[in-house]
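Coordinates from coords_22.cif are shown below (mmCIF, N, CA and C atoms).
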```
data_work
#
loop_
_atom_site.label_atom_id
_atom_site.label_comp_id
_atom_site.auth_asym_id
_atom_site.auth_seq_id
_atom_site.Cartn_x
_atom_site.Cartn_y
_atom_site.Cartn_z
N MET A 1 99.27 63.09 122.15
CA MET A 1 99.29 63.38 120.73
C MET A 1 100.66 63.05 120.13
N GLN A 2 101.70 63.41 120.87
CA GLN A 2 103.07 63.15 120.39
C GLN A 2 103.32 61.65 120.23
N THR A 3 102.77 60.86 121.14
CA THR A 3 102.95 59.42 121.07
C THR A 3 102.32 58.83 119.81
N TYR A 4 101.12 59.30 119.47
CA TYR A 4 100.44 58.82 118.27
C TYR A 4 101.19 59.20 117.01
N LEU A 5 101.75 60.39 116.99
CA LEU A 5 102.53 60.82 115.83
C LEU A 5 103.80 59.98 115.69
N ASN A 6 104.43 59.67 116.82
CA ASN A 6 105.63 58.82 116.78
C ASN A 6 105.31 57.41 116.29
N ILE A 7 104.20 56.86 116.74
CA ILE A 7 103.79 55.52 116.29
C ILE A 7 103.47 55.54 114.80
N ALA A 8 102.76 56.58 114.35
CA ALA A 8 102.44 56.70 112.93
C ALA A 8 103.71 56.84 112.09
N GLN A 9 104.69 57.55 112.61
CA GLN A 9 105.95 57.73 111.90
C GLN A 9 106.72 56.40 111.81
N ILE A 10 106.69 55.61 112.85
CA ILE A 10 107.35 54.30 112.83
C ILE A 10 106.67 53.38 111.82
N ILE A 11 105.33 53.39 111.81
CA ILE A 11 104.59 52.55 110.86
C ILE A 11 104.88 52.97 109.43
N LEU A 12 104.92 54.29 109.18
CA LEU A 12 105.25 54.77 107.84
C LEU A 12 106.67 54.40 107.45
N ALA A 13 107.59 54.46 108.39
CA ALA A 13 108.99 54.10 108.10
C ALA A 13 109.11 52.63 107.71
N VAL A 14 108.42 51.76 108.43
CA VAL A 14 108.46 50.33 108.11
C VAL A 14 107.82 50.08 106.75
N ALA A 15 106.69 50.72 106.48
CA ALA A 15 106.03 50.57 105.18
C ALA A 15 106.92 51.07 104.05
N LEU A 16 107.63 52.16 104.28
CA LEU A 16 108.53 52.71 103.27
C LEU A 16 109.71 51.77 103.01
N ILE A 17 110.25 51.21 104.06
CA ILE A 17 111.35 50.24 103.90
C ILE A 17 110.89 49.03 103.10
N LEU A 18 109.70 48.53 103.41
CA LEU A 18 109.18 47.37 102.68
C LEU A 18 108.91 47.71 101.21
N ALA A 19 108.38 48.90 100.95
CA ALA A 19 108.10 49.30 99.57
C ALA A 19 109.38 49.42 98.76
N VAL A 20 110.43 49.93 99.37
CA VAL A 20 111.71 50.05 98.66
C VAL A 20 112.32 48.68 98.43
N LEU A 21 112.24 47.80 99.41
CA LEU A 21 112.82 46.47 99.25
C LEU A 21 112.06 45.60 98.25
N LEU A 22 110.78 45.86 98.08
CA LEU A 22 109.98 45.08 97.14
C LEU A 22 110.20 45.47 95.68
N GLN A 23 110.76 46.63 95.47
CA GLN A 23 110.99 47.06 94.09
C GLN A 23 112.10 46.22 93.47
N VAL A 24 111.86 45.79 92.27
CA VAL A 24 112.78 44.88 91.59
C VAL A 24 113.65 45.67 90.63
N ARG A 25 114.93 45.46 90.73
CA ARG A 25 115.86 46.00 89.75
C ARG A 25 116.26 44.86 88.84
N GLY A 26 116.15 45.05 87.53
CA GLY A 26 116.32 43.96 86.59
C GLY A 26 117.75 43.55 86.31
N GLY A 27 118.73 44.05 87.03
CA GLY A 27 120.13 43.75 86.75
C GLY A 27 120.51 42.31 86.96
N GLY A 28 120.37 41.82 88.15
CA GLY A 28 120.73 40.44 88.47
C GLY A 28 122.23 40.21 88.35
N LEU A 29 122.61 39.00 88.01
CA LEU A 29 124.02 38.63 87.88
C LEU A 29 124.50 38.72 86.44
N GLY A 30 123.68 39.23 85.55
CA GLY A 30 124.06 39.29 84.14
C GLY A 30 125.28 40.16 83.87
N GLY A 31 125.46 41.22 84.65
CA GLY A 31 126.59 42.11 84.45
C GLY A 31 127.92 41.46 84.75
N ILE A 32 127.92 40.44 85.59
CA ILE A 32 129.17 39.76 85.94
C ILE A 32 129.72 39.00 84.74
N PHE A 33 128.85 38.43 83.94
CA PHE A 33 129.27 37.61 82.82
C PHE A 33 129.31 38.36 81.50
N GLY A 34 129.26 39.67 81.53
CA GLY A 34 129.41 40.47 80.32
C GLY A 34 128.13 40.78 79.59
N GLN A 35 127.00 40.50 80.18
CA GLN A 35 125.73 40.81 79.55
C GLN A 35 125.48 42.31 79.63
N ALA A 36 124.88 42.85 78.56
CA ALA A 36 124.60 44.29 78.53
C ALA A 36 123.60 44.63 79.63
N ASP A 37 123.91 45.69 80.36
CA ASP A 37 123.07 46.10 81.48
C ASP A 37 122.31 47.38 81.16
N THR A 38 122.31 47.80 79.91
CA THR A 38 121.73 49.09 79.54
C THR A 38 120.42 48.93 78.78
N VAL A 39 119.63 47.95 79.10
CA VAL A 39 118.35 47.73 78.43
C VAL A 39 117.33 48.68 79.05
N TYR A 40 116.64 49.43 78.18
CA TYR A 40 115.61 50.35 78.65
C TYR A 40 114.27 49.64 78.67
N ARG A 41 113.58 49.74 79.78
CA ARG A 41 112.25 49.15 79.85
C ARG A 41 111.36 50.07 80.68
N THR A 42 110.08 50.02 80.40
CA THR A 42 109.13 50.87 81.12
C THR A 42 108.53 50.10 82.28
N GLN A 43 108.04 50.85 83.25
CA GLN A 43 107.39 50.23 84.39
C GLN A 43 105.94 49.96 84.03
N ARG A 44 105.45 48.80 84.40
CA ARG A 44 104.07 48.43 84.09
C ARG A 44 103.42 47.77 85.29
N GLY A 45 102.13 47.88 85.35
CA GLY A 45 101.31 47.16 86.32
C GLY A 45 101.71 47.39 87.76
N LEU A 46 102.00 46.29 88.43
CA LEU A 46 102.30 46.33 89.87
C LEU A 46 103.57 47.12 90.16
N GLU A 47 104.56 47.04 89.27
CA GLU A 47 105.81 47.77 89.48
C GLU A 47 105.57 49.27 89.47
N LYS A 48 104.73 49.75 88.56
CA LYS A 48 104.41 51.17 88.49
C LYS A 48 103.62 51.61 89.72
N THR A 49 102.67 50.78 90.14
CA THR A 49 101.88 51.09 91.33
C THR A 49 102.76 51.15 92.57
N LEU A 50 103.67 50.20 92.70
CA LEU A 50 104.58 50.18 93.85
C LEU A 50 105.48 51.41 93.85
N PHE A 51 105.90 51.85 92.68
CA PHE A 51 106.73 53.05 92.56
C PHE A 51 105.95 54.28 93.04
N ARG A 52 104.70 54.39 92.64
CA ARG A 52 103.88 55.53 93.05
C ARG A 52 103.55 55.48 94.55
N VAL A 53 103.30 54.28 95.06
CA VAL A 53 103.05 54.12 96.50
C VAL A 53 104.28 54.54 97.30
N THR A 54 105.46 54.22 96.80
CA THR A 54 106.70 54.61 97.47
C THR A 54 106.82 56.13 97.54
N ILE A 55 106.49 56.80 96.45
CA ILE A 55 106.55 58.27 96.43
C ILE A 55 105.56 58.85 97.43
N VAL A 56 104.34 58.31 97.47
CA VAL A 56 103.33 58.80 98.42
C VAL A 56 103.79 58.57 99.86
N LEU A 57 104.39 57.42 100.13
CA LEU A 57 104.88 57.14 101.48
C LEU A 57 106.00 58.09 101.89
N VAL A 58 106.88 58.43 100.95
CA VAL A 58 107.95 59.38 101.26
C VAL A 58 107.37 60.75 101.59
N VAL A 59 106.41 61.21 100.78
CA VAL A 59 105.79 62.52 101.03
C VAL A 59 105.09 62.52 102.38
N LEU A 60 104.33 61.48 102.68
CA LEU A 60 103.65 61.40 103.97
C LEU A 60 104.63 61.37 105.14
N PHE A 61 105.73 60.64 104.96
CA PHE A 61 106.74 60.55 106.02
C PHE A 61 107.37 61.93 106.28
N VAL A 62 107.68 62.65 105.22
CA VAL A 62 108.28 63.99 105.39
C VAL A 62 107.29 64.94 106.05
N ILE A 63 106.04 64.92 105.60
CA ILE A 63 105.03 65.80 106.20
C ILE A 63 104.83 65.47 107.68
N LEU A 64 104.75 64.19 107.99
CA LEU A 64 104.57 63.78 109.38
C LEU A 64 105.79 64.15 110.23
N SER A 65 106.97 64.06 109.66
CA SER A 65 108.18 64.45 110.39
C SER A 65 108.19 65.94 110.69
N ILE A 66 107.75 66.75 109.74
CA ILE A 66 107.69 68.20 109.95
C ILE A 66 106.65 68.54 111.00
N ILE A 67 105.50 67.89 110.96
CA ILE A 67 104.45 68.13 111.95
C ILE A 67 104.94 67.73 113.34
N THR A 68 105.59 66.59 113.44
CA THR A 68 106.12 66.14 114.73
C THR A 68 107.15 67.11 115.28
N LEU A 69 108.01 67.62 114.39
CA LEU A 69 109.02 68.59 114.81
C LEU A 69 108.39 69.89 115.29
N ARG A 70 107.37 70.35 114.58
CA ARG A 70 106.69 71.60 114.96
C ARG A 70 105.98 71.47 116.30
N LEU A 71 105.37 70.34 116.55
CA LEU A 71 104.65 70.15 117.81
C LEU A 71 105.57 69.89 118.99
N ALA A 72 106.77 69.42 118.73
CA ALA A 72 107.70 69.12 119.81
C ALA A 72 108.28 70.39 120.42
N SER A 73 108.36 71.45 119.63
CA SER A 73 108.98 72.67 120.15
C SER A 73 108.00 73.71 120.60
#
```
Turn the structure described in the file into structure tokens.
Amino acid sequence: MQTYLNIAQIILAVALILAVLLQVRGGGLGGIFGQADTVYRTQRGLEKTLFRVTIVLVVLFVILSIITLRLAS
């Protein structure tokens, strides 16, 4: 059982890393050349979905970590 939980935790960790890396921050190199970096924009479509998926992955990762810790002791 412990092995399956560890494998699931590794898979969740990789998925979480990918979800964070896929999120786009709109800054770019504009700040270097004096472009205003304080533009407010809302999340739409795929960006909003990816943000929510990231939150769900974090919650699942924390819950799985707590379960793994409880079963180990």
**Item:** Atom pair CA of Val20 in chain A / CA of Ala8 in chain A: separation (Å)
**Value:**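 Separation between CA of Val20 in chain A and CA of Ala8 in chain A: 18.3 Å.
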**Prompt:** Can you tell me, as a list in words, what residues are no more than 8 Å from range 60-68 of chain A when counting only C-alpha atoms, ignoring any on the same chain fewer than 4 positions away?
**Reply:** Gln2, Leu5, Asn6, Gln9, Leu12, Ala13, Val56 and Ala72 of chain A
**Asked** So how many Å separate atom C of Ile11 in chain A and CA of Val53 in chain A, to one decimal?
**Response** 13.1 Å
**Item:** Between atom C of Leu46 in chain A and CA of Val24 in chain A - distance in Å to one decimal
**Value:**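 The value is 9.6 Å.
Of the residues under consideration (A:Thr49, A:Thr54, A:Gln43, A:Thr3), A:Thr54 shows the shortest atom-to-atom contact distance to Ala19 in chain A when counting all atoms listed in the file.
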For range 13-20 of chain A, take all atoms listed in the file, fit an axis-aligned box around them, add 6 Å to each of the six sides, then output centre and edge lengths in Å rounded to one decimal, as AutoDock Vina command-line options.
```
--center_x 109.2 --center_y 50.9 --center_z 103.4 --size_x 18.3 --size_y 19.1 --size_z 22.0
```
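Among the candidates A:Tyr4, A:Arg70, A:Leu18, A:Gly45, the residue lying nearest to Leu57 in chain A is A:Leu18 (atoms considered: only C-alpha atoms).
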